[in-house]
Amino acid sequence: MKALQSLTELFTQSVTDAKNVELWAENGQIDCTQGLNVDGFDIAYTVNINMSNVDVQPEILMMHLVTWLNQYDVARESKGLEPPAFATQRLDNGHFDIKLQVDIKETYSLEESATGAWKQGDARLDCVSDFAIAAIEDELPLLEFIGSTGDLPECS
């Protein structure tokens with residue numbers, strides 16, 4: 001589940017302190033064909049992102065997510081995925097509780113490898129995620145956060 005790992009790195013390293021955020025997958029399902037030969041499978045799941053008492057404006061957080069989606073999940077509509085959903089509550093101290101849900105679909109393929117953990121016929125294979133940064137990254141305009149330094153807390 002490379003997308004979950006990538007989102008976890010985004011939120012714990014670039015958005016808020018790791019102690020203020022939890023990410024997990026739920027509602028997972030495996031989509032595969034049945035037959036004599038297996039060439040891979042898809043997994044679909046919902047990533048839940050819960051942030052508590054964060055000093056990040058919701059729109060700043062959403063822009064981080066939009067940037068990630070533009071880099072890693074550009075074909076969402078063709079996968080039949082719903083747009084990300086959110087809930088937010090402003091706290092008395094000016095911080096926010098923010099919840100996001102992002103539907104993900106990842107493909108796993110079998111690749112031939114001399115040390116592969118799986119054997120099909122005479123071939124040894126590894127099961128690998130096809131999750132990667134979009135091939136069109138160079139065509140996307142660079143989007144950098146240049147807001148005031150007080151908008152994001154220091155990460156430890």
# chains A, B, ... in the order shown; residues from 1 in each chain; ligands from 1
>>> select_by_dssp(residues="region 37-140 of chain A", states="strand (DSSP E)", output="PyMOL selection string")
chain A and resi 40-54+85-90+96-112+118-120+123-129
>>> write_last_selection(atoms="N, CA and C atoms", output="compact mmCIF listing (two decimals), in the first residue's frame")
# COMPACT_ATOMS: atom_id res chain seq x y z
N GLY A 40 -1.33 -10.25 -11.54
CA GLY A 40 -1.39 -9.17 -10.57
C GLY A 40 -2.80 -8.98 -10.06
N PHE A 41 -3.02 -7.86 -9.41
CA PHE A 41 -4.31 -7.54 -8.83
C PHE A 41 -4.38 -6.06 -8.52
N ASP A 42 -5.57 -5.57 -8.25
CA ASP A 42 -5.77 -4.19 -7.81
C ASP A 42 -6.29 -4.23 -6.37
N ILE A 43 -5.91 -3.22 -5.61
CA ILE A 43 -6.52 -3.04 -4.30
C ILE A 43 -7.14 -1.65 -4.27
N ALA A 44 -8.30 -1.57 -3.68
CA ALA A 44 -8.99 -0.30 -3.49
C ALA A 44 -9.23 -0.14 -2.00
N TYR A 45 -9.03 1.06 -1.50
CA TYR A 45 -9.23 1.33 -0.09
C TYR A 45 -9.42 2.82 0.15
N THR A 46 -9.91 3.14 1.32
CA THR A 46 -10.08 4.54 1.71
C THR A 46 -9.02 4.88 2.73
N VAL A 47 -8.26 5.94 2.45
CA VAL A 47 -7.29 6.45 3.41
C VAL A 47 -8.00 7.48 4.27
N ASN A 48 -7.95 7.27 5.58
CA ASN A 48 -8.48 8.23 6.54
C ASN A 48 -7.31 9.00 7.12
N ILE A 49 -7.44 10.31 7.13
CA ILE A 49 -6.42 11.20 7.68
C ILE A 49 -7.10 12.04 8.75
N ASN A 50 -6.71 11.83 9.99
CA ASN A 50 -7.28 12.60 11.10
C ASN A 50 -6.18 13.45 11.73
N MET A 51 -6.40 14.75 11.76
CA MET A 51 -5.46 15.66 12.39
C MET A 51 -6.17 16.36 13.52
N SER A 52 -5.51 16.44 14.65
CA SER A 52 -6.14 17.06 15.81
C SER A 52 -5.29 18.24 16.30
N ASN A 53 -5.98 19.33 16.57
CA ASN A 53 -5.37 20.52 17.15
C ASN A 53 -4.16 20.98 16.33
N VAL A 54 -4.33 21.07 15.01
CA VAL A 54 -3.22 21.46 14.15
C VAL A 54 -3.30 22.95 13.83
N ALA A 85 -13.00 13.70 0.41
CA ALA A 85 -13.99 14.35 1.27
C ALA A 85 -13.30 14.85 2.53
N PHE A 86 -13.89 15.83 3.18
CA PHE A 86 -13.28 16.38 4.39
C PHE A 86 -14.33 16.83 5.39
N ALA A 87 -13.87 16.99 6.62
CA ALA A 87 -14.63 17.63 7.70
C ALA A 87 -13.62 18.43 8.50
N THR A 88 -14.04 19.58 9.00
CA THR A 88 -13.12 20.40 9.78
C THR A 88 -13.88 21.12 10.89
N GLN A 89 -13.18 21.37 11.97
CA GLN A 89 -13.75 22.12 13.08
C GLN A 89 -12.68 23.07 13.60
N ARG A 90 -13.03 24.35 13.66
CA ARG A 90 -12.12 25.35 14.22
C ARG A 90 -12.21 25.27 15.74
N PHE A 96 -7.18 23.70 14.31
CA PHE A 96 -8.26 22.97 13.67
C PHE A 96 -8.15 21.48 13.95
N ASP A 97 -9.30 20.82 13.99
CA ASP A 97 -9.39 19.37 13.83
C ASP A 97 -9.84 19.18 12.39
N ILE A 98 -9.10 18.37 11.64
CA ILE A 98 -9.39 18.18 10.22
C ILE A 98 -9.38 16.69 9.92
N LYS A 99 -10.38 16.25 9.18
CA LYS A 99 -10.46 14.86 8.75
C LYS A 99 -10.60 14.83 7.23
N LEU A 100 -9.84 13.95 6.62
CA LEU A 100 -9.92 13.76 5.18
C LEU A 100 -10.14 12.29 4.88
N GLN A 101 -10.84 12.01 3.80
CA GLN A 101 -10.97 10.65 3.28
C GLN A 101 -10.63 10.68 1.80
N VAL A 102 -9.69 9.83 1.42
CA VAL A 102 -9.23 9.78 0.03
C VAL A 102 -9.32 8.33 -0.44
N ASP A 103 -10.12 8.10 -1.47
CA ASP A 103 -10.21 6.77 -2.06
C ASP A 103 -9.00 6.54 -2.95
N ILE A 104 -8.41 5.35 -2.85
CA ILE A 104 -7.20 5.00 -3.57
C ILE A 104 -7.43 3.67 -4.28
N LYS A 105 -6.84 3.54 -5.45
CA LYS A 105 -6.80 2.25 -6.14
C LYS A 105 -5.39 2.05 -6.64
N GLU A 106 -4.76 0.96 -6.19
CA GLU A 106 -3.38 0.65 -6.56
C GLU A 106 -3.35 -0.67 -7.31
N THR A 107 -2.44 -0.76 -8.25
CA THR A 107 -2.23 -1.97 -9.02
C THR A 107 -0.94 -2.64 -8.58
N TYR A 108 -0.99 -3.94 -8.42
CA TYR A 108 0.19 -4.75 -8.13
C TYR A 108 0.38 -5.72 -9.29
N SER A 109 1.62 -5.85 -9.72
CA SER A 109 1.94 -6.72 -10.86
C SER A 109 3.00 -7.73 -10.45
N LEU A 110 3.06 -8.81 -11.19
CA LEU A 110 4.13 -9.78 -11.00
C LEU A 110 5.23 -9.48 -12.02
N GLU A 111 6.44 -9.36 -11.52
CA GLU A 111 7.59 -9.11 -12.39
C GLU A 111 8.59 -10.23 -12.21
N GLU A 112 9.13 -10.68 -13.34
CA GLU A 112 10.11 -11.75 -13.29
C GLU A 112 11.36 -11.29 -12.55
N TRP A 118 7.70 -15.75 -5.63
CA TRP A 118 6.61 -16.54 -6.18
C TRP A 118 7.10 -17.28 -7.40
N LYS A 119 6.53 -18.44 -7.64
CA LYS A 119 6.88 -19.22 -8.82
C LYS A 119 5.60 -19.55 -9.57
N GLN A 120 5.63 -19.29 -10.88
CA GLN A 120 4.50 -19.61 -11.74
C GLN A 120 5.10 -20.28 -12.99
N ALA A 123 8.94 -19.68 -14.05
CA ALA A 123 9.40 -18.32 -13.77
C ALA A 123 9.26 -17.98 -12.28
N ARG A 124 10.29 -17.31 -11.76
CA ARG A 124 10.23 -16.75 -10.40
C ARG A 124 9.80 -15.29 -10.54
N LEU A 125 8.90 -14.87 -9.65
CA LEU A 125 8.28 -13.56 -9.77
C LEU A 125 8.25 -12.84 -8.43
N ASP A 126 8.29 -11.52 -8.48
CA ASP A 126 8.05 -10.68 -7.31
C ASP A 126 6.75 -9.92 -7.53
N CYS A 127 6.02 -9.71 -6.46
CA CYS A 127 4.80 -8.91 -6.49
C CYS A 127 5.19 -7.47 -6.15
N VAL A 128 5.00 -6.55 -7.10
CA VAL A 128 5.44 -5.17 -6.90
C VAL A 128 4.30 -4.19 -7.18
N SER A 129 4.31 -3.11 -6.43
CA SER A 129 3.32 -2.06 -6.63
C SER A 129 3.68 -1.24 -7.85
>>> residues_around(residues="Gln57 (chain A)", least_positions_apart="3", cutoff="8 Å", atoms="only C-alpha atoms", output="PyMOL selection string")
chain A and resi 60-61+95-96+151
>>> write_last_selection(atoms="N, CA, C and O atoms", output="short mmCIF file (atom, residue, chain, number, x, y, z; two decimals), in the first residue's frame")
data_model
loop_
_atom_site.label_atom_id
_atom_site.label_comp_id
_atom_site.auth_asym_id
_atom_site.auth_seq_id
_atom_site.Cartn_x
_atom_site.Cartn_y
_atom_site.Cartn_z
N ILE A 60 -4.78 25.34 3.20
CA ILE A 60 -3.36 25.04 3.01
C ILE A 60 -3.18 23.52 2.95
O ILE A 60 -2.50 22.99 2.09
N LEU A 61 -3.83 22.84 3.87
CA LEU A 61 -3.78 21.38 3.91
C LEU A 61 -4.34 20.79 2.61
O LEU A 61 -3.75 19.89 2.02
N HIS A 95 -6.64 26.76 16.24
CA HIS A 95 -6.20 25.55 15.54
C HIS A 95 -7.42 24.83 14.99
O HIS A 95 -8.55 25.26 15.18
N PHE A 96 -7.18 23.70 14.31
CA PHE A 96 -8.26 22.97 13.67
C PHE A 96 -8.15 21.48 13.95
O PHE A 96 -7.05 20.95 14.09
N ASP A 151 2.57 29.49 9.17
CA ASP A 151 1.43 28.69 8.77
C ASP A 151 1.63 27.20 9.02
O ASP A 151 0.68 26.45 9.11
#
>>> atom_distance(atom1="CA of Thr8 (chain A)", atom2="CA of His64 (chain A)")
12.3 Å
>>> atom_distance(atom1="CA of Trp24 (chain A)", atom2="CA of Ala134 (chain A)")
23.0 Å
>>> atom_distance(atom1="CA of Leu81 (chain A)", atom2="CA of Asn37 (chain A)")
27.9 Å
